[in-house]
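J.: Sending over my_file.cif (mmCIF, C-alpha atoms).
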```
data_data
loop_
_atom_site.label_atom_id
_atom_site.label_comp_id
_atom_site.auth_asym_id
_atom_site.auth_seq_id
_atom_site.Cartn_x
_atom_site.Cartn_y
_atom_site.Cartn_z
CA MET A 266 63.33 29.32 30.44
CA ALA A 267 60.42 27.21 29.25
CA LYS A 268 61.04 23.53 28.66
CA LYS A 269 61.03 22.53 25.01
CA LYS A 270 58.01 20.54 23.94
CA SER A 271 57.47 18.31 20.93
CA ALA A 272 54.29 16.75 19.61
CA GLY A 273 54.11 13.61 17.50
CA ILE A 274 51.96 10.89 16.02
CA LEU A 275 52.40 7.15 16.56
CA LEU A 276 50.72 5.69 13.49
CA TYR A 277 49.81 2.01 13.79
CA ARG A 278 48.18 -0.72 11.73
CA GLN A 279 47.27 -4.38 11.87
CA SER A 280 49.18 -6.57 9.43
CA ASP A 281 49.89 -10.24 8.89
CA ASN A 282 52.81 -9.69 11.29
CA GLY A 283 50.49 -8.35 14.00
CA LEU A 284 50.58 -4.81 15.33
CA GLU A 285 52.97 -2.53 13.44
CA VAL A 286 54.01 1.08 14.03
CA PHE A 287 55.36 3.68 11.62
CA LEU A 288 58.67 5.31 12.59
CA VAL A 289 60.98 7.80 10.85
CA HIS A 290 64.76 7.96 10.61
CA PRO A 291 66.31 11.42 11.07
CA GLY A 292 68.09 12.90 8.08
CA GLY A 293 71.44 14.64 7.95
CA PRO A 294 75.05 13.52 8.34
CA TYR A 295 74.97 12.92 12.11
CA TRP A 296 72.37 10.14 11.79
CA ALA A 297 73.47 8.69 8.43
CA LYS A 298 75.18 5.58 9.84
CA LYS A 299 72.99 5.15 12.94
CA ASP A 300 70.07 2.71 12.96
CA GLU A 301 69.14 0.94 16.20
CA GLY A 302 68.09 3.48 18.80
CA ALA A 303 68.00 6.31 16.23
CA TRP A 304 64.43 6.18 14.89
CA SER A 305 61.58 8.30 16.22
CA LEU A 306 57.89 9.09 16.01
CA PRO A 307 57.31 11.81 13.40
CA LYS A 308 57.30 14.83 15.71
CA GLY A 309 58.42 18.40 16.14
CA GLU A 310 58.54 21.31 18.53
CA PHE A 311 55.57 23.55 19.24
CA VAL A 312 55.15 26.78 21.15
CA GLU A 313 53.18 27.76 24.23
CA GLY A 314 49.54 28.36 23.34
CA GLU A 315 49.66 26.16 20.22
CA ASP A 316 47.33 23.15 20.23
CA ALA A 317 49.60 20.11 20.72
CA LEU A 318 47.51 17.73 18.60
CA GLN A 319 47.37 20.26 15.74
CA ALA A 320 51.15 20.62 16.04
CA ALA A 321 51.57 16.84 15.96
CA ARG A 322 49.46 16.59 12.80
CA ARG A 323 51.40 19.46 11.17
CA GLU A 324 54.75 17.87 12.02
CA PHE A 325 53.63 14.47 10.72
CA ASN A 326 52.71 16.13 7.43
CA GLU A 327 55.99 18.08 7.23
CA GLU A 328 58.14 15.03 7.98
CA THR A 329 56.31 12.48 5.83
CA GLY A 330 54.35 14.41 3.19
CA PHE A 331 51.14 12.71 4.38
CA ALA A 332 48.18 14.38 6.11
CA ILE A 333 46.84 12.19 8.91
CA ASP A 334 43.35 11.98 10.36
CA GLY A 335 41.38 9.55 12.47
CA ALA A 336 40.45 8.76 16.06
CA PHE A 337 43.49 10.06 17.94
CA MET A 338 44.29 8.40 21.29
CA GLU A 339 46.26 10.65 23.61
CA LEU A 340 49.33 8.96 25.11
CA THR A 341 51.09 9.96 28.34
CA PRO A 342 53.77 12.61 27.65
CA LEU A 343 57.33 11.36 28.07
CA LYS A 344 60.24 13.43 29.37
CA GLN A 345 63.42 12.96 27.32
CA PRO A 346 66.96 12.82 28.80
CA GLY A 347 67.63 16.43 27.69
CA GLY A 348 64.48 17.63 29.46
CA LYS A 349 62.23 18.00 26.39
CA ILE A 350 58.71 16.65 26.83
CA ILE A 351 57.11 14.74 23.97
CA TYR A 352 53.33 14.75 23.68
CA ALA A 353 52.03 11.98 21.43
CA TRP A 354 48.84 10.57 19.98
CA ALA A 355 48.32 7.13 18.50
CA VAL A 356 46.07 6.72 15.48
CA GLU A 357 45.34 3.79 13.21
CA GLY A 358 46.15 4.41 9.58
CA GLU A 359 48.08 3.43 6.50
CA ILE A 360 50.76 5.26 4.54
CA ASP A 361 53.30 4.10 1.98
CA ALA A 362 56.66 4.25 3.77
CA ALA A 363 58.51 4.29 0.42
CA SER A 364 56.74 7.55 -0.53
CA VAL A 365 57.83 9.58 2.51
CA LYS A 366 58.92 13.09 1.48
CA SER A 367 60.24 15.36 4.23
CA ASN A 368 60.88 19.08 4.51
CA LEU A 369 64.52 20.24 4.63
CA PHE A 370 66.77 21.85 7.23
CA SER A 371 70.01 23.76 6.75
CA LEU A 372 73.26 22.82 8.48
CA GLU A 373 76.88 23.90 8.26
CA TRP A 374 78.56 20.82 6.82
CA PRO A 375 81.29 19.80 7.18
CA PRO A 376 81.55 21.48 10.60
CA LYS A 377 83.47 24.79 10.62
CA SER A 378 83.63 24.73 6.79
CA GLY A 379 81.47 27.82 6.39
CA ARG A 380 79.39 25.85 3.86
CA ARG A 381 75.69 25.33 4.52
CA GLN A 382 73.92 22.33 3.07
CA GLU A 383 70.29 21.27 3.12
CA PHE A 384 69.23 17.85 4.37
CA PRO A 385 65.81 16.23 4.78
CA GLU A 386 64.51 16.26 8.37
CA VAL A 387 63.59 12.63 7.78
CA ASP A 388 65.49 10.48 5.28
CA ARG A 389 63.17 7.47 5.41
CA GLY A 390 60.23 5.91 7.17
CA GLY A 391 59.30 2.33 7.90
CA TRP A 392 56.73 0.00 9.39
CA PHE A 393 57.97 -2.16 12.27
CA THR A 394 56.51 -4.80 14.55
CA ILE A 395 56.53 -3.79 18.22
CA ALA A 396 59.57 -6.03 18.84
CA GLN A 397 61.47 -4.41 15.95
CA ALA A 398 60.33 -0.93 16.98
CA ARG A 399 61.68 -1.44 20.51
CA LYS A 400 65.17 -1.82 18.98
CA LYS A 401 64.85 0.94 16.35
CA LEU A 402 63.21 3.61 18.51
CA ARG A 403 65.16 6.09 20.62
CA PRO A 404 65.08 4.50 24.10
CA ALA A 405 63.27 7.42 25.78
CA GLN A 406 60.32 6.98 23.36
CA VAL A 407 59.76 3.23 23.94
CA GLY A 408 57.15 4.01 26.60
CA PHE A 409 54.80 5.10 23.80
CA LEU A 410 54.88 1.55 22.37
CA GLU A 411 54.10 0.03 25.76
CA GLU A 412 51.16 2.38 26.30
CA LEU A 413 49.81 1.73 22.80
CA GLN A 414 49.86 -2.03 23.43
CA GLU A 415 48.13 -1.50 26.78
CA LYS A 416 45.40 0.71 25.28
CA LEU A 417 44.80 -1.76 22.44
CA GLY A 418 44.83 -4.71 24.86
CA ARG A 419 47.74 -6.51 23.14
#
```
Rewrite the structure of this file - the entire thing - as structure tokens.

T.:
Amino acid sequence: MAKKKSAGILLYRQSDNGLEVFLVHPGGPYWAKKDEGAWSLPKGEFVEGEDALQAARREFNEETGFAIDGAFMELTPLKQPGGKIIYAWAVEGEIDAASVKSNLFSLEWPPKSGRRQEFPEVDRGGWFTIAQARKKLRPAQVGFLEELQEKLGR
């Protein structure tokens, strides 16, 4: 069986607080009360033969409502604890975190109730300094922050 693969975008900007990155918080009941260690790059799965950067751009758009363009810097893929590999690109840009609008997914909720409900894939986005992002980000994705700092010489 092929390993699952995801592709995502690490959006960054310079602010008065220094280097900041844009992260998203997963939607749905499981994540509702989780904060530190729950956030992620906007990302999603892609299939064999699909261009990973195109998939990353598509997923960013689906999860935030914003199309993203620019000079994409490829980051080293990171293997997650469950075996999934995340491919990511960093790009400098600006979006309004308060205007994030995500696509929806369907889930049986409450469990075993037979009732399906729709939830946003992402319930909010935010800009964080690297120090804040280290705490917010899922631990297996922190390597992307380190590589971004290295590539930008910060």

J.: For a quick check of understanding, using all atoms listed in the file, which of A:Ser280, A:Gln414, A:Ser364, A:Gln406 has the smallest distance to Thr329 of chain A?

T.: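 Between A:Ser280, A:Gln414, A:Ser364, A:Gln406, the residue approaching Thr329 of chain A most closely is A:Ser364.
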
J.: Suppose you want the space between atom CA of Ala396 of chain A and atom CA of Val286 of chain A; what is it in Å?

T.: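 If I compute the distance from atom CA of Ala396 of chain A to atom CA of Val286 of chain A, I get 10.2 Å.
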
J.: Using the chain letters and residue numbers of this document, give as an NGL selection string the residues selected by the PyMOL selection byres ((chain A and resi 315-325) around 12).

T.: :A and (270-276 or 287-289 or 305-314 or 326-340 or 342 or 350-356 or 360 or 365-368 or 386-387 or 390)

J.: Just how far from atom CA of Asp388 of chain A is atom CA of Glu357 of chain A, in Å to one decimal?

T.: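 Going from atom CA of Glu357 of chain A over to atom CA of Asp388 of chain A covers 22.7 Å.
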
J.: Quick check on the file I pasted: which residues fall under the PyMOL selection byres ((chain A and resi 401) around 12)? Write them as a VMD selection string.

T.: chain A and resid 286 to 291 299 to 306 390 to 400 402 to 407 410

J.: Restricted to N, CA and C atoms, what does segment 277-289 of chain A look like when written out as a short mmCIF file (atom, residue, chain, number, x, y, z; two decimals), in the first residue's frame?

T.:
```
data_model
loop_
_atom_site.label_atom_id
_atom_site.label_comp_id
_atom_site.auth_asym_id
_atom_site.auth_seq_id
_atom_site.Cartn_x
_atom_site.Cartn_y
_atom_site.Cartn_z
N TYR A 277 4.79 32.97 4.95
CA TYR A 277 5.50 33.77 5.95
C TYR A 277 5.51 35.24 5.55
N ARG A 278 5.77 36.08 6.54
CA ARG A 278 5.86 37.53 6.31
C ARG A 278 6.79 38.14 7.35
N GLN A 279 7.25 39.34 7.02
CA GLN A 279 8.02 40.13 7.98
C GLN A 279 7.05 41.11 8.64
N SER A 280 7.11 41.21 9.96
CA SER A 280 6.25 42.16 10.65
C SER A 280 7.09 42.89 11.69
N ASP A 281 6.44 43.77 12.42
CA ASP A 281 7.14 44.46 13.51
C ASP A 281 7.64 43.47 14.56
N ASN A 282 7.01 42.29 14.62
CA ASN A 282 7.42 41.25 15.57
C ASN A 282 8.50 40.34 15.01
N GLY A 283 8.97 40.64 13.79
CA GLY A 283 9.96 39.78 13.15
C GLY A 283 9.29 38.83 12.18
N LEU A 284 9.90 37.70 11.97
CA LEU A 284 9.37 36.69 11.05
C LEU A 284 8.12 36.06 11.64
N GLU A 285 7.05 36.01 10.83
CA GLU A 285 5.81 35.37 11.26
C GLU A 285 5.38 34.35 10.20
N VAL A 286 4.70 33.28 10.66
CA VAL A 286 4.18 32.26 9.77
C VAL A 286 2.67 32.14 9.98
N PHE A 287 2.00 31.72 8.91
CA PHE A 287 0.55 31.54 8.94
C PHE A 287 0.23 30.06 9.15
N LEU A 288 -0.55 29.76 10.19
CA LEU A 288 -0.94 28.39 10.49
C LEU A 288 -2.46 28.30 10.57
N VAL A 289 -2.99 27.09 10.42
CA VAL A 289 -4.44 26.88 10.51
C VAL A 289 -4.75 25.88 11.63
#
```
